[in-house]
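Q: What follows is a structure written as structure tokens; I'll ask about it next.
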Amino acid sequence: MIQLYRWQRVGIFVDTQNLYYSAKNLYGAKVDFRKVLEVGLNQRQLIRAIIYVIKADIPEEEGFFEALRNIGYEVKIKELRTYYDGTKRGDWDMGIAIDTIKMAEKLDTVVLVSGDGDFVALVDHLKAKGVNVEVMAFGKSTSSDLKRVVNEFIDLDMNYENFLIR
């Protein structure tokens, strides 16, 4: 385990869709995003915590977004897109990548909360810039390539009950 220092400046970037579907598929539960923030921060200096959500126009989502703000997240919202063939998609990968790169100079550690293997190149880039990169995700649904390239992998499966709301 990597030595953590209270003086470290930390940015936490949460891929809500990735975590939501992992928790739903693996455990039939919802994620406790307050606990995710607490464990990701690990008593270090929080510079920014951004959570990326997709707006699906369902009644309870505004309450969910407000709850995330009250926990301490900056909530970035993207509309769910409907394509000509009727498929719907919402994706924040590029937004997360751009935000972490823009903030890298102000951070000692980036905590990426996602198991998406698409972030391997981003992790490599951030590490080349001297930023420590930690990933928090459910290990069973996390890319093995992503686990391999990060400085530390925090496997939410190890204490999954602590990170779930039933």
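Each chain in the structure tokens gets a letter, A, B and so on, in the order shown; residues start at 1 in every chain, and ligands are counted from 1 in the order they appear.
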List the neighbours of Val75 (chain A) out to 10 Å using only C-alpha atoms; skip same-chain residues closer than 3 positions along the sequence, and give me the result as a ChimeraX atom specification.
A: /A:14,49-53,65-66,68-69,72,78
Q: List the neighbours of Val10 (chain A) out to 12 Å using only C-alpha atoms; skip same-chain residues closer than 6 positions along the sequence, and give me the result as a PyMOL selection string.
A: chain A and resi 4+37-50+100+103-112+131-134
Q: What would the file look like if the residues just selected were written as a tab-separated table (two decimals), in the first residue's frame with N, CA and C atoms?
A:
chain	number	residue	atom	x	y	z
A	4	LEU	N	0.38	7.37	2.41
A	4	LEU	CA	-0.46	8.54	2.18
A	4	LEU	C	-0.07	9.64	3.14
A	37	LEU	N	-16.39	9.13	-1.20
A	37	LEU	CA	-15.65	10.38	-1.02
A	37	LEU	C	-14.74	10.29	0.20
A	38	GLU	N	-15.25	9.79	1.29
A	38	GLU	CA	-14.49	9.69	2.53
A	38	GLU	C	-13.25	8.79	2.36
A	39	VAL	N	-13.45	7.63	1.77
A	39	VAL	CA	-12.33	6.69	1.60
A	39	VAL	C	-11.34	7.21	0.55
A	40	GLY	N	-11.85	7.79	-0.52
A	40	GLY	CA	-10.96	8.33	-1.54
A	40	GLY	C	-10.09	9.47	-1.01
A	41	LEU	N	-10.67	10.31	-0.20
A	41	LEU	CA	-9.94	11.44	0.38
A	41	LEU	C	-8.92	10.96	1.40
A	42	ASN	N	-9.31	10.02	2.24
A	42	ASN	CA	-8.39	9.41	3.21
A	42	ASN	C	-7.64	10.45	4.04
A	43	GLN	N	-8.37	11.43	4.56
A	43	GLN	CA	-7.85	12.47	5.45
A	43	GLN	C	-6.82	13.39	4.80
A	44	ARG	N	-6.80	13.42	3.49
A	44	ARG	CA	-5.90	14.33	2.78
A	44	ARG	C	-6.64	15.62	2.43
A	45	GLN	N	-5.95	16.54	1.80
A	45	GLN	CA	-6.50	17.86	1.47
A	45	GLN	C	-7.30	17.79	0.17
A	46	LEU	N	-8.61	17.96	0.26
A	46	LEU	CA	-9.47	17.92	-0.91
A	46	LEU	C	-9.39	19.23	-1.68
A	47	ILE	N	-9.00	19.16	-2.92
A	47	ILE	CA	-9.00	20.33	-3.79
A	47	ILE	C	-10.33	20.39	-4.54
A	48	ARG	N	-10.75	19.24	-5.08
A	48	ARG	CA	-12.01	19.19	-5.81
A	48	ARG	C	-12.52	17.76	-5.88
A	49	ALA	N	-13.82	17.60	-5.74
A	49	ALA	CA	-14.47	16.31	-5.92
A	49	ALA	C	-15.58	16.53	-6.94
A	50	ILE	N	-15.42	15.92	-8.09
A	50	ILE	CA	-16.40	16.10	-9.18
A	50	ILE	C	-17.04	14.75	-9.46
A	100	THR	N	-9.29	16.07	-15.44
A	100	THR	CA	-8.12	15.61	-14.69
A	100	THR	C	-6.84	16.20	-15.27
A	103	MET	N	-6.51	19.86	-14.26
A	103	MET	CA	-6.23	20.07	-12.84
A	103	MET	C	-4.92	19.45	-12.38
A	104	ALA	N	-4.27	18.67	-13.22
A	104	ALA	CA	-3.10	17.88	-12.80
A	104	ALA	C	-2.02	18.71	-12.11
A	105	GLU	N	-1.77	19.92	-12.58
A	105	GLU	CA	-0.72	20.76	-11.99
A	105	GLU	C	-1.03	21.17	-10.55
A	106	LYS	N	-2.30	21.15	-10.19
A	106	LYS	CA	-2.72	21.58	-8.86
A	106	LYS	C	-2.91	20.42	-7.89
A	107	LEU	N	-2.64	19.20	-8.38
A	107	LEU	CA	-2.91	18.00	-7.58
A	107	LEU	C	-1.66	17.15	-7.40
A	108	ASP	N	-1.56	16.54	-6.23
A	108	ASP	CA	-0.55	15.52	-6.00
A	108	ASP	C	-1.09	14.14	-6.36
A	109	THR	N	-2.40	13.97	-6.13
A	109	THR	CA	-3.04	12.68	-6.36
A	109	THR	C	-4.38	12.87	-7.04
A	110	VAL	N	-4.61	12.08	-8.08
A	110	VAL	CA	-5.92	11.97	-8.71
A	110	VAL	C	-6.52	10.65	-8.27
A	111	VAL	N	-7.72	10.72	-7.73
A	111	VAL	CA	-8.47	9.50	-7.40
A	111	VAL	C	-9.56	9.38	-8.46
A	112	LEU	N	-9.40	8.40	-9.32
A	112	LEU	CA	-10.36	8.13	-10.39
A	112	LEU	C	-11.27	7.01	-9.91
A	131	VAL	N	1.90	12.95	-11.41
A	131	VAL	CA	0.73	12.84	-10.55
A	131	VAL	C	0.55	11.38	-10.11
A	132	ASN	N	0.33	11.19	-8.82
A	132	ASN	CA	0.00	9.88	-8.29
A	132	ASN	C	-1.45	9.58	-8.70
A	133	VAL	N	-1.71	8.38	-9.22
A	133	VAL	CA	-3.07	8.05	-9.66
A	133	VAL	C	-3.56	6.81	-8.91
A	134	GLU	N	-4.69	7.00	-8.24
A	134	GLU	CA	-5.35	5.91	-7.54
A	134	GLU	C	-6.69	5.65	-8.23
Q: Among chain A, which ones does DSSP assign to strand (DSSP E or B) (computed from the backbone)? Answer as a ChimeraX atom specification.
A: /A:9-15,30-31,45-55,74-79,81-82,88-89,109-113,132-137,152-155,164-165
Q: Could you write out the selected residues, including C-alpha atoms, as an mmCIF file, in the first residue's frame?
A:
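Printed below is part-v2.cif as written:
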data_model
loop_
_atom_site.group_PDB
_atom_site.id
_atom_site.type_symbol
_atom_site.label_atom_id
_atom_site.label_comp_id
_atom_site.auth_asym_id
_atom_site.auth_seq_id
_atom_site.Cartn_x
_atom_site.Cartn_y
_atom_site.Cartn_z
ATOM 1 C CA ARG A 9 -3.664 17.746 -2.632
ATOM 2 C CA VAL A 10 -6.339 15.385 -3.932
ATOM 3 C CA GLY A 11 -8.861 15.551 -6.741
ATOM 4 C CA ILE A 12 -11.609 12.943 -6.842
ATOM 5 C CA PHE A 13 -13.331 12.237 -10.146
ATOM 6 C CA VAL A 14 -16.332 9.882 -10.054
ATOM 7 C CA ASP A 15 -17.691 8.063 -13.114
ATOM 8 C CA LYS A 30 -26.831 1.363 -4.927
ATOM 9 C CA VAL A 31 -23.536 3.085 -4.162
ATOM 10 C CA GLN A 45 -6.498 17.865 1.470
ATOM 11 C CA LEU A 46 -9.469 17.918 -0.912
ATOM 12 C CA ILE A 47 -8.999 20.329 -3.791
ATOM 13 C CA ARG A 48 -12.007 19.193 -5.810
ATOM 14 C CA ALA A 49 -14.474 16.310 -5.921
ATOM 15 C CA ILE A 50 -16.400 16.101 -9.175
ATOM 16 C CA ILE A 51 -19.099 13.560 -9.875
ATOM 17 C CA TYR A 52 -20.268 13.064 -13.451
ATOM 18 C CA VAL A 53 -23.922 12.138 -13.976
ATOM 19 C CA ILE A 54 -26.283 11.550 -16.868
ATOM 20 C CA LYS A 55 -29.679 13.254 -16.777
ATOM 21 C CA GLU A 74 -19.459 19.314 -7.669
ATOM 22 C CA VAL A 75 -22.080 17.713 -9.922
ATOM 23 C CA LYS A 76 -21.549 17.822 -13.678
ATOM 24 C CA ILE A 77 -24.629 16.854 -15.645
ATOM 25 C CA LYS A 78 -24.907 15.659 -19.219
ATOM 26 C CA GLU A 79 -28.152 14.945 -21.055
ATOM 27 C CA ARG A 81 -28.640 11.338 -25.943
ATOM 28 C CA THR A 82 -31.074 9.463 -28.151
ATOM 29 C CA LYS A 88 -29.704 5.991 -25.814
ATOM 30 C CA ARG A 89 -26.268 6.791 -24.524
ATOM 31 C CA THR A 109 -3.044 12.675 -6.363
ATOM 32 C CA VAL A 110 -5.921 11.974 -8.714
ATOM 33 C CA VAL A 111 -8.470 9.504 -7.403
ATOM 34 C CA LEU A 112 -10.355 8.129 -10.387
ATOM 35 C CA VAL A 113 -13.500 6.317 -9.325
ATOM 36 C CA ASN A 132 -0.003 9.878 -8.290
ATOM 37 C CA VAL A 133 -3.069 8.046 -9.658
ATOM 38 C CA GLU A 134 -5.354 5.907 -7.543
ATOM 39 C CA VAL A 135 -8.375 4.048 -8.843
ATOM 40 C CA MET A 136 -11.358 3.076 -6.715
ATOM 41 C CA ALA A 137 -13.794 0.593 -8.209
ATOM 42 C CA GLU A 152 -2.807 2.115 -6.189
ATOM 43 C CA PHE A 153 -6.028 0.199 -6.764
ATOM 44 C CA ILE A 154 -8.672 0.424 -4.032
ATOM 45 C CA ASP A 155 -10.932 -2.584 -4.536
ATOM 46 C CA LEU A 164 -23.474 0.022 -0.733
ATOM 47 C CA ILE A 165 -26.969 1.189 0.132
#
Q: Which residue gives the smallest distance to Val36 (chain A) among A:Val123, A:Ile71, A:Ser141, A:Arg6, with only C-alpha atoms counted?
A: A:Ile71
Q: As a PyMOL selection string, please: every residue in region 5-114 of chain A that DSSP puts in helix (DSSP H, G or I).
A: chain A and resi 16-27+33-41+61-71+93-106
Q: Which distance in Å separates CA of Ala29 (chain A) and CA of Thr87 (chain A), to one decimal?
A: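 Separation between CA of Ala29 (chain A) and CA of Thr87 (chain A): 25.1 Å.
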Q: Nearest to Trp92 (chain A) among A:Gly117, A:Gln17, A:Ser143, A:Trp7, with distances taken over only C-alpha atoms: which residue is it?
A: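 Closest candidate: A:Gln17.
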Q: When distances are computed from only C-alpha atoms, which of A:Tyr83, A:Leu146, A:Asn18, A:Phe163 shows the smallest separation from Val120 (chain A)?
A: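 Nearest to Val120 (chain A): A:Leu146.
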